[in-house]
file model-v4.tsv (TSV, N, CA and C atoms)
chain	number	residue	atom	x	y	z
A	1	MET	N	68.47	77.95	237.72
A	1	MET	CA	69.80	77.86	238.26
A	1	MET	C	69.96	76.58	239.10
A	2	LYS	N	68.88	76.17	239.77
A	2	LYS	CA	68.94	74.97	240.59
A	2	LYS	C	69.18	73.73	239.74
A	3	ALA	N	68.54	73.67	238.57
A	3	ALA	CA	68.73	72.54	237.67
A	3	ALA	C	70.17	72.48	237.18
A	4	TRP	N	70.76	73.66	236.95
A	4	TRP	CA	72.15	73.71	236.50
A	4	TRP	C	73.08	73.12	237.56
A	5	LYS	N	72.85	73.50	238.81
A	5	LYS	CA	73.68	72.99	239.91
A	5	LYS	C	73.49	71.48	240.08
A	6	THR	N	72.25	71.02	239.97
A	6	THR	CA	71.97	69.59	240.13
A	6	THR	C	72.63	68.78	239.02
A	7	SER	N	72.50	69.24	237.78
A	7	SER	CA	73.10	68.51	236.67
A	7	SER	C	74.63	68.54	236.77
A	8	GLY	N	75.18	69.65	237.22
A	8	GLY	CA	76.63	69.73	237.42
A	8	GLY	C	77.11	68.76	238.48
A	9	LEU	N	76.36	68.63	239.55
A	9	LEU	CA	76.70	67.69	240.62
A	9	LEU	C	76.63	66.25	240.11
A	10	ILE	N	75.62	65.94	239.33
A	10	ILE	CA	75.49	64.59	238.77
A	10	ILE	C	76.65	64.27	237.85
A	11	VAL	N	77.00	65.21	236.98
A	11	VAL	CA	78.14	65.00	236.06
A	11	VAL	C	79.43	64.81	236.86
A	12	LEU	N	79.62	65.61	237.89
A	12	LEU	CA	80.82	65.48	238.72
A	12	LEU	C	80.89	64.12	239.41
A	13	LEU	N	79.77	63.65	239.96
A	13	LEU	CA	79.75	62.35	240.63
A	13	LEU	C	80.01	61.21	239.65
A	14	VAL	N	79.44	61.30	238.46
A	14	VAL	CA	79.69	60.27	237.44
A	14	VAL	C	81.16	60.28	237.04
A	15	TRP	N	81.73	61.48	236.87
A	15	TRP	CA	83.13	61.58	236.48
A	15	TRP	C	84.04	60.97	237.57
A	16	ILE	N	83.74	61.27	238.82
A	16	ILE	CA	84.53	60.72	239.93
A	16	ILE	C	84.39	59.21	240.02
A	17	ALA	N	83.17	58.70	239.82
A	17	ALA	CA	82.95	57.25	239.88
A	17	ALA	C	83.74	56.53	238.79
A	18	ILE	N	83.72	57.06	237.58
A	18	ILE	CA	84.46	56.42	236.49
A	18	ILE	C	85.96	56.53	236.72
A	19	ALA	N	86.42	57.66	237.25
A	19	ALA	CA	87.84	57.81	237.57
A	19	ALA	C	88.25	56.79	238.64
A	20	ALA	N	87.39	56.55	239.61
A	20	ALA	CA	87.70	55.55	240.65
A	20	ALA	C	87.75	54.15	240.05
A	21	ILE	N	86.83	53.85	239.15
A	21	ILE	CA	86.85	52.54	238.48
A	21	ILE	C	88.15	52.37	237.71
A	22	ILE	N	88.56	53.42	236.98
A	22	ILE	CA	89.81	53.36	236.22
A	22	ILE	C	90.99	53.14	237.17
A	23	TRP	N	91.01	53.83	238.29
A	23	TRP	CA	92.16	53.74	239.19
A	23	TRP	C	92.24	52.40	239.92
A	24	PHE	N	91.10	51.83	240.30
A	24	PHE	CA	91.13	50.62	241.13
A	24	PHE	C	91.06	49.31	240.35
A	25	ARG	N	90.91	49.37	239.03
A	25	ARG	CA	90.87	48.12	238.28
A	25	ARG	C	92.27	47.59	238.06
A	26	ASN	N	92.38	46.27	238.00
A	26	ASN	CA	93.68	45.65	237.80
A	26	ASN	C	93.91	45.27	236.34
A	27	VAL	N	92.82	44.98	235.63
A	27	VAL	CA	92.90	44.57	234.23
A	27	VAL	C	91.83	45.35	233.47
A	28	ASP	N	92.19	45.88	232.29
A	28	ASP	CA	91.19	46.61	231.52
A	28	ASP	C	90.38	45.65	230.65
A	29	GLY	N	89.50	46.20	229.84
A	29	GLY	CA	88.60	45.38	229.03
A	29	GLY	C	89.30	44.51	228.00
A	30	ALA	N	90.49	44.90	227.59
A	30	ALA	CA	91.25	44.13	226.60
A	30	ALA	C	92.13	43.07	227.26
A	31	GLY	N	92.10	43.00	228.58
A	31	GLY	CA	92.90	42.00	229.30
A	31	GLY	C	94.31	42.46	229.62
A	32	VAL	N	94.60	43.72	229.44
A	32	VAL	CA	95.93	44.26	229.71
A	32	VAL	C	96.03	44.62	231.19
A	33	ALA	N	97.08	44.11	231.83
A	33	ALA	CA	97.31	44.44	233.24
A	33	ALA	C	97.61	45.92	233.37
A	34	GLN	N	96.97	46.57	234.33
A	34	GLN	CA	97.10	48.01	234.50
A	34	GLN	C	98.19	48.33	235.52
A	35	THR	N	99.22	49.01	235.04
A	35	THR	CA	100.27	49.51	235.93
A	35	THR	C	99.88	50.92	236.35
A	36	ALA	N	100.62	51.46	237.29
A	36	ALA	CA	100.33	52.83	237.75
A	36	ALA	C	100.47	53.83	236.60
A	37	GLN	N	101.46	53.62	235.72
A	37	GLN	CA	101.65	54.53	234.60
A	37	GLN	C	100.48	54.46	233.62
A	38	LEU	N	99.99	53.26	233.33
A	38	LEU	CA	98.85	53.13	232.42
A	38	LEU	C	97.59	53.73	233.03
A	39	LYS	N	97.43	53.57	234.33
A	39	LYS	CA	96.27	54.19	235.00
A	39	LYS	C	96.34	55.70	234.91
A	40	GLU	N	97.53	56.27	235.11
A	40	GLU	CA	97.69	57.72	235.02
A	40	GLU	C	97.41	58.23	233.61
A	41	ILE	N	97.86	57.51	232.60
A	41	ILE	CA	97.60	57.91	231.21
A	41	ILE	C	96.11	57.84	230.92
A	42	THR	N	95.46	56.79	231.37
A	42	THR	CA	94.02	56.64	231.15
A	42	THR	C	93.25	57.75	231.86
A	43	LEU	N	93.65	58.09	233.08
A	43	LEU	CA	93.00	59.19	233.79
A	43	LEU	C	93.24	60.53	233.10
A	44	LEU	N	94.42	60.71	232.53
A	44	LEU	CA	94.71	61.94	231.79
A	44	LEU	C	93.81	62.04	230.56
A	45	ILE	N	93.62	60.94	229.86
A	45	ILE	CA	92.71	60.92	228.71
A	45	ILE	C	91.29	61.21	229.17
A	46	TRP	N	90.88	60.63	230.28
A	46	TRP	CA	89.54	60.87	230.83
A	46	TRP	C	89.39	62.36	231.18
A	47	LEU	N	90.43	62.98	231.70
A	47	LEU	CA	90.39	64.40	232.02
A	47	LEU	C	90.30	65.25	230.76
A	48	ILE	N	91.03	64.88	229.72
A	48	ILE	CA	90.99	65.63	228.46
A	48	ILE	C	89.58	65.63	227.89
A	49	PHE	N	88.88	64.51	227.98
A	49	PHE	CA	87.50	64.47	227.49
A	49	PHE	C	86.54	65.23	228.41
A	50	ALA	N	86.91	65.44	229.65
A	50	ALA	CA	86.06	66.17	230.58
A	50	ALA	C	86.21	67.68	230.43
A	51	VAL	N	87.34	68.14	229.91
A	51	VAL	CA	87.59	69.58	229.78
A	51	VAL	C	86.53	70.28	228.93
A	52	PRO	N	86.13	69.76	227.76
A	52	PRO	CA	85.06	70.45	227.00
A	52	PRO	C	83.74	70.53	227.77
A	53	VAL	N	83.45	69.51	228.55
A	53	VAL	CA	82.22	69.53	229.36
A	53	VAL	C	82.32	70.63	230.41
A	54	ILE	N	83.46	70.74	231.06
A	54	ILE	CA	83.66	71.78	232.07
A	54	ILE	C	83.56	73.16	231.44
A	55	ILE	N	84.18	73.34	230.28
A	55	ILE	CA	84.10	74.63	229.59
A	55	ILE	C	82.65	74.95	229.23
A	56	GLY	N	81.92	73.94	228.75
A	56	GLY	CA	80.51	74.14	228.43
A	56	GLY	C	79.70	74.56	229.65
A	57	TYR	N	79.95	73.92	230.78
A	57	TYR	CA	79.25	74.29	232.01
A	57	TYR	C	79.58	75.72	232.43
A	58	LEU	N	80.85	76.12	232.29
A	58	LEU	CA	81.22	77.47	232.67
A	58	LEU	C	80.57	78.50	231.75
A	59	ILE	N	80.53	78.23	230.46
A	59	ILE	CA	79.87	79.14	229.53
A	59	ILE	C	78.39	79.25	229.86
A	60	TRP	N	77.75	78.11	230.11
A	60	TRP	CA	76.33	78.12	230.44
A	60	TRP	C	76.08	78.86	231.76
A	61	PHE	N	77.00	78.73	232.72
A	61	PHE	CA	76.89	79.44	233.99
A	61	PHE	C	76.92	80.95	233.78
A	62	ILE	N	77.83	81.39	232.92
A	62	ILE	CA	77.93	82.83	232.63
A	62	ILE	C	76.64	83.32	231.97
A	63	VAL	N	76.10	82.53	231.04
A	63	VAL	CA	74.85	82.91	230.37
A	63	VAL	C	73.72	83.01	231.39
A	64	LEU	N	73.61	82.04	232.28
A	64	LEU	CA	72.55	82.06	233.29
A	64	LEU	C	72.71	83.25	234.23
A	65	LYS	N	73.93	83.56	234.62
A	65	LYS	CA	74.16	84.70	235.51
A	65	LYS	C	73.74	86.01	234.85
A	66	ARG	N	74.08	86.16	233.56
A	66	ARG	CA	73.72	87.40	232.86
A	66	ARG	C	72.20	87.52	232.71
A	67	LYS	N	71.54	86.40	232.43
A	67	LYS	CA	70.08	86.43	232.34
A	67	LYS	C	69.46	86.80	233.69
A	68	GLN	N	70.02	86.24	234.75
A	68	GLN	CA	69.50	86.52	236.09
A	68	GLN	C	69.73	87.99	236.46
A	69	GLU	N	70.84	88.55	236.08
A	69	GLU	CA	71.12	89.97	236.37
A	69	GLU	C	70.18	90.87	235.57
A	70	ASN	N	69.84	90.48	234.34
A	70	ASN	CA	68.94	91.28	233.52
A	70	ASN	C	67.52	91.24	234.06
A	71	ILE	N	67.13	90.12	234.66
A	71	ILE	CA	65.78	89.99	235.23
A	71	ILE	C	65.67	90.87	236.48
A	72	ASN	N	66.72	90.86	237.30
A	72	ASN	CA	66.71	91.64	238.55
A	72	ASN	C	67.04	93.05	238.21
call {"tool": "encode", "arguments": {"input": "model-v4.tsv", "output": "structure tokens"}}
result
Amino acid sequence: MKAWKTSGLIVLLVWIAIAAIIWFRNVDGAGVAQTAQLKEITLLIWLIFAVPVIIGYLIWFIVLKRKQENIN
């Protein structure tokens, strides 16, 4: 269970760091100036890709909890 929490924390910190990079950059990799609307759209896309990871973590959490209850 400790490894699950540690990996979840690492994934969360990486997600936050990339979201901060997206929000604070002025120009993206293609040279397009980033407006507030483009930043919001990019963050929304980043969130959409994070949703399956979050769902996977929740499913794995439920599996770990059930295993732990069966052991105890």
call {"tool": "select_by_dssp", "arguments": {"input": "model-v4.tsv", "residues": "range 2-56 of chain A", "states": "helix (DSSP H, G or I)", "output": "VMD selection string"}}
result
chain A and resid 2 to 24 36 to 56
call {"tool": "atom_distance", "arguments": {"input": "model-v4.tsv", "atom1": "CA of Ala3 in chain A", "atom2": "atom N of Leu44 in chain A"}}
result
28.7 Å
call {"tool": "closest_residue", "arguments": {"input": "model-v4.tsv", "among": "A:Ala30, A:Ile45, A:Ile21, A:Val53", "to": "Ser7 in chain A", "atoms": "only C-alpha atoms"}}
result
A:Val53
call {"tool": "atom_distance", "arguments": {"input": "model-v4.tsv", "atom1": "atom N of Trp15 in chain A", "atom2": "CA of Ile62 in chain A"}}
result
22.1 Å
call {"tool": "atom_distance", "arguments": {"input": "model-v4.tsv", "atom1": "atom N of Phe49 in chain A", "atom2": "atom N of Leu12 in chain A"}}
result
13.6 Å
